[in-house]
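Just entry.pdb here, PDB, C-alpha atoms:
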ATOM      1  CA  MET A   1       0.000   0.000   0.000
ATOM      2  CA  HIS A   2       1.371   3.397  -1.036
ATOM      3  CA  LEU A   3       1.090   6.263   1.429
ATOM      4  CA  SER A   4       1.488   9.906   0.642
ATOM      5  CA  ARG A   5       4.286  11.925   2.228
ATOM      6  CA  THR A   6       1.800  13.696   4.493
ATOM      7  CA  ALA A   7       0.297  10.408   5.682
ATOM      8  CA  ARG A   8       3.745   9.016   6.443
ATOM      9  CA  ILE A   9       4.641  12.113   8.468
ATOM     10  CA  VAL A  10       1.371  11.954  10.423
ATOM     11  CA  LEU A  11       1.736   8.226  11.139
ATOM     12  CA  GLY A  12       5.382   8.723  12.119
ATOM     13  CA  GLY A  13       4.430  11.530  14.495
ATOM     14  CA  ILE A  14       1.680   9.438  16.110
ATOM     15  CA  THR A  15       4.069   6.506  16.505
ATOM     16  CA  ALA A  16       6.762   8.728  18.032
ATOM     17  CA  ALA A  17       4.228  10.259  20.446
ATOM     18  CA  GLY A  18       3.003   6.820  21.515
ATOM     19  CA  LEU A  19       6.536   5.545  22.084
ATOM     20  CA  ALA A  20       7.424   8.691  24.036
ATOM     21  CA  LEU A  21       4.340   8.286  26.225
ATOM     22  CA  ILE A  22       5.414   4.733  27.066
ATOM     23  CA  HIS A  23       9.166   5.118  27.446
ATOM     24  CA  LEU A  24       9.833   8.667  28.710
ATOM     25  CA  PRO A  25       8.426   7.864  32.203
ATOM     26  CA  LEU A  26      10.790   4.869  32.330
ATOM     27  CA  LEU A  27      13.708   7.103  31.379
ATOM     28  CA  LEU A  28      12.651   9.576  34.079
ATOM     29  CA  VAL A  29      12.789   6.810  36.700
ATOM     30  CA  VAL A  30      16.322   5.866  35.624
ATOM     31  CA  VAL A  31      17.484   9.502  35.748
ATOM     32  CA  ASN A  32      15.893  10.032  39.174
ATOM     33  CA  SER A  33      17.760   7.007  40.497
ATOM     34  CA  LEU A  34      20.948   8.999  39.800
ATOM     35  CA  ASN A  35      19.565  12.406  40.872
ATOM     36  CA  ALA A  36      21.663  13.896  43.694
ATOM     37  CA  ASP A  37      18.677  15.916  44.921
ATOM     38  CA  ARG A  38      16.471  13.896  47.291
ATOM     39  CA  SER A  39      13.430  15.993  46.272
ATOM     40  CA  PHE A  40      14.029  15.073  42.600
ATOM     41  CA  ALA A  41      14.431  18.668  41.409
ATOM     42  CA  TRP A  42      14.364  18.910  37.632
ATOM     43  CA  PRO A  43      16.665  19.167  35.835
ATOM     44  CA  PRO A  44      19.038  17.339  38.198
ATOM     45  CA  SER A  45      21.674  19.600  39.713
ATOM     46  CA  ALA A  46      24.118  16.672  39.783
ATOM     47  CA  LEU A  47      24.256  12.924  39.297
ATOM     48  CA  THR A  48      25.282  10.465  41.988
ATOM     49  CA  GLY A  49      25.506   6.744  42.585
ATOM     50  CA  GLU A  50      24.802   7.160  46.311
ATOM     51  CA  TRP A  51      21.246   5.853  46.084
ATOM     52  CA  TRP A  52      22.453   2.754  44.243
ATOM     53  CA  ARG A  53      25.039   2.134  46.964
ATOM     54  CA  ARG A  54      22.396   2.499  49.671
ATOM     55  CA  ALA A  55      20.011   0.146  47.859
ATOM     56  CA  LEU A  56      22.707  -2.517  47.450
ATOM     57  CA  HIS A  57      23.676  -2.321  51.130
ATOM     58  CA  SER A  58      20.126  -2.157  52.504
ATOM     59  CA  PRO A  59      18.947  -5.553  53.814
ATOM     60  CA  GLY A  60      15.279  -4.971  52.950
ATOM     61  CA  PRO A  61      15.685  -4.487  49.179
ATOM     62  CA  ARG A  62      18.450  -7.105  49.013
ATOM     63  CA  ASP A  63      16.299  -9.757  50.709
ATOM     64  CA  ALA A  64      13.312  -8.813  48.537
ATOM     65  CA  LEU A  65      15.444  -9.136  45.394
ATOM     66  CA  TRP A  66      16.621 -12.595  46.460
ATOM     67  CA  THR A  67      13.011 -13.656  47.134
ATOM     68  CA  SER A  68      11.947 -12.417  43.687
ATOM     69  CA  LEU A  69      14.783 -14.301  42.028
ATOM     70  CA  GLN A  70      13.821 -17.513  43.850
ATOM     71  CA  ALA A  71      10.151 -17.111  42.966
ATOM     72  CA  GLY A  72      10.919 -16.296  39.332
ATOM     73  CA  LEU A  73      13.307 -19.214  38.857
ATOM     74  CA  GLY A  74      10.971 -21.628  40.613
ATOM     75  CA  ALA A  75       7.918 -20.564  38.614
ATOM     76  CA  THR A  76       9.926 -20.698  35.389
ATOM     77  CA  ALA A  77      11.138 -24.237  36.103
ATOM     78  CA  VAL A  78       7.598 -25.441  36.803
ATOM     79  CA  ALA A  79       6.284 -23.655  33.714
ATOM     80  CA  LEU A  80       8.955 -25.187  31.476
ATOM     81  CA  VAL A  81       8.043 -28.717  32.511
ATOM     82  CA  LEU A  82       4.260 -28.391  32.539
ATOM     83  CA  GLY A  83       4.005 -26.016  29.571
ATOM     84  CA  SER A  84       6.221 -28.188  27.352
ATOM     85  CA  LEU A  85       4.416 -31.415  28.238
ATOM     86  CA  ALA A  86       1.026 -29.775  27.672
ATOM     87  CA  ALA A  87       2.116 -28.403  24.283
ATOM     88  CA  PHE A  88       3.302 -31.847  23.179
ATOM     89  CA  ALA A  89       0.071 -33.468  24.353
ATOM     90  CA  VAL A  90      -2.219 -30.940  22.668
ATOM     91  CA  HIS A  91      -0.372 -30.491  19.375
ATOM     92  CA  ARG A  92       1.074 -33.955  18.731
ATOM     93  CA  HIS A  93      -1.847 -36.149  19.842
ATOM     94  CA  ARG A  94      -5.548 -36.365  19.103
ATOM     95  CA  PHE A  95      -7.881 -37.072  22.034
ATOM     96  CA  PHE A  96     -11.351 -36.187  23.250
ATOM     97  CA  GLY A  97     -11.479 -32.707  24.791
ATOM     98  CA  ARG A  98      -8.194 -31.536  23.249
ATOM     99  CA  ARG A  99      -9.525 -28.071  22.405
ATOM    100  CA  THR A 100     -11.059 -27.724  25.839
ATOM    101  CA  VAL A 101      -7.732 -28.554  27.459
ATOM    102  CA  SER A 102      -5.997 -25.996  25.241
ATOM    103  CA  PHE A 103      -8.553 -23.351  26.209
ATOM    104  CA  LEU A 104      -8.209 -24.096  29.918
ATOM    105  CA  LEU A 105      -4.424 -23.853  29.672
ATOM    106  CA  VAL A 106      -4.573 -20.381  28.119
ATOM    107  CA  LEU A 107      -7.400 -19.082  30.344
ATOM    108  CA  PRO A 108      -5.297 -18.017  33.392
ATOM    109  CA  ILE A 109      -3.432 -15.352  31.414
ATOM    110  CA  ALA A 110      -6.739 -13.792  30.349
ATOM    111  CA  LEU A 111      -8.250 -13.605  33.842
ATOM    112  CA  PRO A 112      -7.771 -10.421  35.900
ATOM    113  CA  GLY A 113      -4.901 -10.824  38.337
ATOM    114  CA  ILE A 114      -7.084 -10.037  41.328
ATOM    115  CA  VAL A 115      -9.471 -12.857  40.411
ATOM    116  CA  THR A 116      -6.583 -15.305  40.115
ATOM    117  CA  GLY A 117      -5.112 -14.064  43.393
ATOM    118  CA  ILE A 118      -8.356 -14.415  45.347
ATOM    119  CA  ALA A 119      -8.995 -17.884  43.901
ATOM    120  CA  LEU A 120      -5.477 -19.071  44.729
ATOM    121  CA  ASN A 121      -5.633 -17.615  48.231
ATOM    122  CA  ALA A 122      -8.889 -19.433  48.926
ATOM    123  CA  ALA A 123      -7.554 -22.685  47.452
ATOM    124  CA  PHE A 124      -4.307 -22.549  49.442
ATOM    125  CA  ARG A 125      -6.098 -21.814  52.698
ATOM    126  CA  THR A 126      -8.595 -24.603  52.077
ATOM    127  CA  VAL A 127      -6.161 -27.294  50.896
ATOM    128  CA  LEU A 128      -2.758 -26.436  52.401
ATOM    129  CA  ALA A 129      -3.667 -24.855  55.727
ATOM    130  CA  PRO A 130      -5.067 -28.137  57.195
ATOM    131  CA  LEU A 131      -1.762 -29.782  56.201
ATOM    132  CA  GLY A 132       0.210 -27.190  58.131
ATOM    133  CA  VAL A 133       1.508 -25.377  55.030
ATOM    134  CA  GLY A 134       1.046 -21.618  55.227
ATOM    135  CA  LEU A 135       1.396 -18.878  52.649
ATOM    136  CA  GLY A 136       5.011 -18.243  51.686
ATOM    137  CA  LEU A 137       7.544 -18.723  48.916
ATOM    138  CA  PHE A 138       6.076 -22.089  47.914
ATOM    139  CA  THR A 139       2.610 -20.622  47.357
ATOM    140  CA  VAL A 140       4.106 -17.659  45.468
ATOM    141  CA  VAL A 141       5.901 -20.047  43.090
ATOM    142  CA  ALA A 142       2.720 -22.092  42.626
ATOM    143  CA  GLY A 143       0.669 -18.948  42.006
ATOM    144  CA  HIS A 144       3.106 -17.513  39.471
ATOM    145  CA  ALA A 145       3.377 -20.861  37.693
ATOM    146  CA  THR A 146      -0.351 -20.756  36.861
ATOM    147  CA  PHE A 147       0.178 -17.958  34.345
ATOM    148  CA  CYS A 148       3.827 -18.671  33.449
ATOM    149  CA  VAL A 149       2.743 -22.069  32.098
ATOM    150  CA  VAL A 150       0.702 -20.230  29.464
ATOM    151  CA  ILE A 151       3.775 -18.381  28.172
ATOM    152  CA  VAL A 152       5.820 -21.556  27.742
ATOM    153  CA  PHE A 153       2.839 -23.456  26.309
ATOM    154  CA  ASN A 154       2.229 -20.808  23.624
ATOM    155  CA  ASN A 155       5.908 -20.609  22.640
ATOM    156  CA  VAL A 156       6.407 -24.367  22.430
ATOM    157  CA  ALA A 157       3.088 -24.916  20.645
ATOM    158  CA  ALA A 158       3.940 -22.280  18.038
ATOM    159  CA  ARG A 159       7.320 -23.896  17.378
ATOM    160  CA  LEU A 160       5.808 -27.393  17.182
ATOM    161  CA  ARG A 161       3.429 -26.183  14.485
ATOM    162  CA  ARG A 162       6.484 -25.062  12.464
ATOM    163  CA  ILE A 163       8.398 -28.332  12.830
ATOM    164  CA  ALA A 164       7.549 -30.683   9.968
ATOM    165  CA  PRO A 165       6.283 -34.070  11.233
ATOM    166  CA  SER A 166       8.324 -35.631   8.433
ATOM    167  CA  LEU A 167      11.513 -34.970  10.432
ATOM    168  CA  ALA A 168      10.417 -37.337  13.198
ATOM    169  CA  GLU A 169       9.175 -39.829  10.623
ATOM    170  CA  ALA A 170      12.506 -39.740   8.809
ATOM    171  CA  SER A 171      14.322 -40.257  12.089
ATOM    172  CA  ALA A 172      12.162 -43.310  12.835
ATOM    173  CA  ASP A 173      12.733 -44.677   9.330
ATOM    174  CA  LEU A 174      16.484 -44.444   9.933
ATOM    175  CA  GLY A 175      16.139 -46.640  13.007
ATOM    176  CA  ALA A 176      16.114 -44.033  15.786
ATOM    177  CA  ALA A 177      14.142 -44.862  18.899
ATOM    178  CA  PRO A 178      11.505 -42.330  20.059
ATOM    179  CA  ARG A 179      13.839 -41.158  22.829
ATOM    180  CA  GLN A 180      16.654 -40.587  20.322
ATOM    181  CA  THR A 181      14.326 -38.658  18.013
ATOM    182  CA  LEU A 182      13.280 -36.462  20.914
ATOM    183  CA  ARG A 183      16.893 -35.836  21.948
ATOM    184  CA  TYR A 184      18.543 -35.304  18.570
ATOM    185  CA  VAL A 185      15.715 -33.949  16.386
ATOM    186  CA  THR A 186      12.844 -32.422  18.351
ATOM    187  CA  LEU A 187      14.610 -30.816  21.321
ATOM    188  CA  PRO A 188      17.265 -28.973  19.254
ATOM    189  CA  ALA A 189      14.473 -27.487  17.152
ATOM    190  CA  LEU A 190      12.558 -26.500  20.301
ATOM    191  CA  LEU A 191      15.462 -24.967  22.241
ATOM    192  CA  PRO A 192      14.928 -21.364  21.027
ATOM    193  CA  ALA A 193      11.225 -21.551  21.908
ATOM    194  CA  LEU A 194      11.975 -23.079  25.314
ATOM    195  CA  PHE A 195      14.582 -20.440  26.088
ATOM    196  CA  ALA A 196      12.331 -17.615  24.906
ATOM    197  CA  GLY A 197       9.411 -18.976  26.944
ATOM    198  CA  ALA A 198      11.616 -19.280  30.022
ATOM    199  CA  LEU A 199      12.844 -15.677  29.679
ATOM    200  CA  LEU A 200       9.327 -14.298  29.262
ATOM    201  CA  ALA A 201       7.976 -16.413  32.126
ATOM    202  CA  PHE A 202      10.759 -15.209  34.427
ATOM    203  CA  ALA A 203      10.151 -11.567  33.493
ATOM    204  CA  LEU A 204       6.405 -11.957  34.082
ATOM    205  CA  SER A 205       6.942 -13.619  37.458
ATOM    206  CA  PHE A 206       9.607 -11.131  38.562
ATOM    207  CA  ASP A 207       7.264  -8.146  38.021
ATOM    208  CA  GLU A 208       4.086  -9.700  39.429
ATOM    209  CA  VAL A 209       2.340  -7.747  42.204
ATOM    210  CA  VAL A 210      -1.376  -8.606  42.377
ATOM    211  CA  VAL A 211      -1.172 -12.409  42.550
ATOM    212  CA  THR A 212       1.840 -12.143  44.879
ATOM    213  CA  THR A 213      -0.155  -9.989  47.298
ATOM    214  CA  PHE A 214      -2.692 -12.784  47.784
ATOM    215  CA  THR A 215      -0.255 -15.705  47.861
ATOM    216  CA  ALA A 216       2.861 -14.433  49.687
ATOM    217  CA  GLY A 217       1.623 -14.101  53.235
ATOM    218  CA  ALA A 218       3.110 -11.762  55.831
ATOM    219  CA  GLY A 219       6.614 -13.227  55.928
ATOM    220  CA  THR A 220       7.437 -13.201  52.212
ATOM    221  CA  THR A 221       8.223  -9.947  50.402
ATOM    222  CA  THR A 222       9.229  -9.807  46.749
ATOM    223  CA  LEU A 223      10.926  -6.790  45.194
ATOM    224  CA  PRO A 224       7.758  -5.349  43.564
ATOM    225  CA  ILE A 225       5.885  -5.753  46.864
ATOM    226  CA  TRP A 226       8.705  -3.990  48.752
ATOM    227  CA  ILE A 227       8.575  -1.108  46.266
ATOM    228  CA  TYR A 228       4.803  -0.823  46.646
ATOM    229  CA  GLN A 229       5.020  -0.825  50.449
ATOM    230  CA  ASN A 230       7.711   1.893  50.513
ATOM    231  CA  LEU A 231       6.414   4.054  47.678
ATOM    232  CA  SER A 232       4.791   6.615  49.993
ATOM    233  CA  ARG A 233       7.756   6.906  52.386
ATOM    234  CA  PRO A 234       9.794  10.034  51.523
ATOM    235  CA  ARG A 235      13.041   8.686  53.011
ATOM    236  CA  GLN A 236      12.831   5.606  50.798
ATOM    237  CA  ALA A 237      11.896   7.452  47.587
ATOM    238  CA  PRO A 238      15.437   7.496  46.078
ATOM    239  CA  VAL A 239      15.925   3.798  46.872
ATOM    240  CA  VAL A 240      12.522   3.019  45.328
ATOM    241  CA  ASP A 241      13.635   4.709  42.092
ATOM    242  CA  VAL A 242      16.833   2.653  42.104
ATOM    243  CA  LEU A 243      14.863  -0.580  42.486
ATOM    244  CA  ALA A 244      12.400   0.517  39.796
ATOM    245  CA  ALA A 245      15.328   1.140  37.429
ATOM    246  CA  LEU A 246      16.689  -2.298  38.317
ATOM    247  CA  LEU A 247      13.300  -3.855  37.553
ATOM    248  CA  ILE A 248      13.256  -2.090  34.185
ATOM    249  CA  ALA A 249      16.649  -3.556  33.308
ATOM    250  CA  LEU A 250      15.751  -7.050  34.533
ATOM    251  CA  SER A 251      12.527  -6.945  32.505
ATOM    252  CA  VAL A 252      13.853  -5.439  29.267
ATOM    253  CA  ILE A 253      16.805  -7.808  28.867
ATOM    254  CA  PRO A 254      14.870 -11.119  28.923
ATOM    255  CA  VAL A 255      11.999  -9.712  26.847
ATOM    256  CA  TYR A 256      14.435  -8.457  24.191
ATOM    257  CA  ALA A 257      16.307 -11.761  24.185
ATOM    258  CA  ALA A 258      13.039 -13.701  23.924
ATOM    259  CA  GLN A 259      11.907 -11.522  21.023
ATOM    260  CA  ARG A 260      15.153 -12.195  19.182
ATOM    261  CA  LEU A 261      14.948 -15.935  19.808
ATOM    262  CA  SER A 262      11.306 -16.092  18.696
ATOM    263  CA  SER A 263      11.962 -14.261  15.425
ATOM    264  CA  ASP A 264      11.724 -16.058  12.136
ATOM    265  CA  PRO A 265      15.169 -17.366  11.099
ATOM    266  CA  ALA A 266      14.257 -16.595   7.511
ATOM    267  CA  GLY A 267      14.139 -12.930   8.441
ATOM    268  CA  GLY A 268      17.832 -12.862   9.216
ATOM    269  CA  ARG A 269      17.518 -12.915  12.970
ATOM    270  CA  LEU A 270      18.487 -15.439  15.633
TER     271      LEU A 270
END
Starting from the coordinates I provided, produce the structure as structure tokens.
Amino acid sequence: MHLSRTARIVLGGITAAGLALIHLPLLLVVVNSLNADRSFAWPPSALTGEWWRRALHSPGPRDALWTSLQAGLGATAVALVLGSLAAFAVHRHRFFGRRTVSFLLVLPIALPGIVTGIALNAAFRTVLAPLGVGLGLFTVVAGHATFCVVIVFNNVAARLRRIAPSLAEASADLGAAPRQTLRYVTLPALLPALFAGALLAFALSFDEVVVTTFTAGAGTTTLPIWIYQNLSRPRQAPVVDVLAALLIALSVIPVYAAQRLSSDPAGGRL
């Protein structure tokens, strides 16, 4: 479709305005994390790394970061196993209720976070509390895994649809056992999708607030929860900006890497 010069300028301006609306506030957070003025005067009179030093040496943010890393890695591991197995079952086998299973697997990502959080809180209190298991890191990992599974499932399912079934058939014709076909043919083709799904699942878990609020309990504080709790405290404002900048970096890197891995090889990308 051919666009006139005026239309291209207008569309370019709208795109630039939309990108600025999304990304300028993120840039402002990063700059404020280096702002020497505690009141965040603008423009900054000087830049300093003092707030970063305080954040790194403060036990509260450090412990919250470690909790977030544990929750993210745990949820990602669970999602990789369950999401991959579900994708294989749904897209490589025919059975009654296959579409229903696929719909139920994708549903958690579409539900509002508060609905998922309330449902998980009620389920954990009903099932785990009588067994002596309270809300904590385990329930946070289980809660995050409910929506991280969807990310891995979608990535693996999309890659399975692009892998020709004839590859597995050719491997079988050459005498390879099913386990050998899985190891030497299917898994190498799935590795980019698995890695991309793991990165996206980790980023989604690391930033989660709503579901974490209902599943963490009083003794477990993730980094986003710590930021939310200290957002209105003036003395913690510079440290909050530092942690927000750190969250931006930890979210952008895996999402960018996942986007590169998920790109079509024919397009010249990884």
Notebook entry, point to check: Looking at all atoms listed in the file, which of A:Cys148, A:Ile227, A:Leu131, A:Ala196 is the one that sits closest to Gly83 (chain A)?
Noted result: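 Looking at the shortest contact to Gly83 (chain A), the residue is A:Cys148.
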Check: Can you list, as a list in words, every protein, DNA or RNA residue that comes within 9 Å of Gln70 (chain A) when you count all atoms listed in the file, leaving out same-chain residues fewer than 5 positions away?
Finding: Leu65, Ala75, Leu137 and Val141 of chain A
Notebook entry, point to check: So which one's closest to Ala189 (chain A), A:Val209, A:Ala168, A:Val149, A:Ala201? Using only C-alpha atoms, please.
Noted result: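 Comparing A:Val209, A:Ala168, A:Val149, A:Ala201 against Ala189 (chain A), the winner is A:Ala168.
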Item checked: Given the PyMOL selection byres ((chain A and resi 85) around 12), the residues it picks as a ChimeraX atom specification -> /A:78-84,86-93,105,149-150,152-154,156-157,160,194
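With CA of Asn230 (chain A) on one side and CA of Thr213 (chain A) on the other, the separation reads 14.6 Å.
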Next item on the list: Point out the residue among A:Leu47, A:Leu11, A:Leu190, A:Ala216 with the least atom-to-atom distance to Val31 (chain A), counting all atoms listed in the file.
Entry: A:Leu47
Margin query: For the PyMOL selection byres ((chain A and resi 167) around 12), applied here, can you spell out every residue it catches as a PyMOL selection string?
Written below: chain A and resi 160+162-166+168-174+176+181-182+184-186+189
Dump as an mmCIF file, keeping the file's coordinate frame, selection limited to C-alpha atoms:
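Below is the file selection_23.cif, written as the result:
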data_model
loop_
_atom_site.group_PDB
_atom_site.id
_atom_site.type_symbol
_atom_site.label_atom_id
_atom_site.label_comp_id
_atom_site.auth_asym_id
_atom_site.auth_seq_id
_atom_site.Cartn_x
_atom_site.Cartn_y
_atom_site.Cartn_z
ATOM 1 C CA LEU A 160 5.808 -27.393 17.182
ATOM 2 C CA ARG A 162 6.484 -25.062 12.464
ATOM 3 C CA ILE A 163 8.398 -28.332 12.830
ATOM 4 C CA ALA A 164 7.549 -30.683 9.968
ATOM 5 C CA PRO A 165 6.283 -34.070 11.233
ATOM 6 C CA SER A 166 8.324 -35.631 8.433
ATOM 7 C CA ALA A 168 10.417 -37.337 13.198
ATOM 8 C CA GLU A 169 9.175 -39.829 10.623
ATOM 9 C CA ALA A 170 12.506 -39.740 8.809
ATOM 10 C CA SER A 171 14.322 -40.257 12.089
ATOM 11 C CA ALA A 172 12.162 -43.310 12.835
ATOM 12 C CA ASP A 173 12.733 -44.677 9.330
ATOM 13 C CA LEU A 174 16.484 -44.444 9.933
ATOM 14 C CA ALA A 176 16.114 -44.033 15.786
ATOM 15 C CA THR A 181 14.326 -38.658 18.013
ATOM 16 C CA LEU A 182 13.280 -36.462 20.914
ATOM 17 C CA TYR A 184 18.543 -35.304 18.570
ATOM 18 C CA VAL A 185 15.715 -33.949 16.386
ATOM 19 C CA THR A 186 12.844 -32.422 18.351
ATOM 20 C CA ALA A 189 14.473 -27.487 17.152
#
Trp51 (chain A) environment, 9 Å, only C-alpha atoms, sequence neighbours closer than 5 positions dropped, as a compact mmCIF listing (two decimals) with C-alpha atoms, in the frame of the given file:
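As a result, around-v3.txt now contains:
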# COMPACT_ATOMS: atom_id res chain seq x y z
CA SER A 33 17.76 7.01 40.50
CA LEU A 34 20.95 9.00 39.80
CA ASN A 35 19.57 12.41 40.87
CA ALA A 36 21.66 13.90 43.69
CA LEU A 56 22.71 -2.52 47.45
CA PRO A 238 15.44 7.50 46.08
CA VAL A 239 15.92 3.80 46.87
CA ASP A 241 13.64 4.71 42.09
CA VAL A 242 16.83 2.65 42.10
Item checked: Selection dump of the PyMOL selection byres ((chain A and resi 249-257) around 6), as number ranges by chain -> A: 199-200, 203, 246-248, 258-260
Notebook entry, point to check: What separation in Å, quoted to one decimal, exists between CA of Ile109 (chain A) and CA of Phe96 (chain A)?
Noted result: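 Atom-to-atom, CA of Ile109 (chain A) and CA of Phe96 (chain A) are spaced 23.7 Å apart.
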Note to self: From (0.9, -20.9, 54.5), in the file's coordinates, out to 9 Å: which residues are reached, counting only C-alpha atoms? Answer as a PyMOL selection string.
What the structure shows: chain A and resi 124-125+128-129+132-139+215-217
Notebook entry, point to check: Which residues come within 8 Å of Gly143 (chain A), counting all atoms listed in the file, excluding same-chain residues fewer than 2 positions away, as an NGL selection string?
Noted result: :A and (117 or 120 or 139-141 or 145-147 or 211-212 or 215)
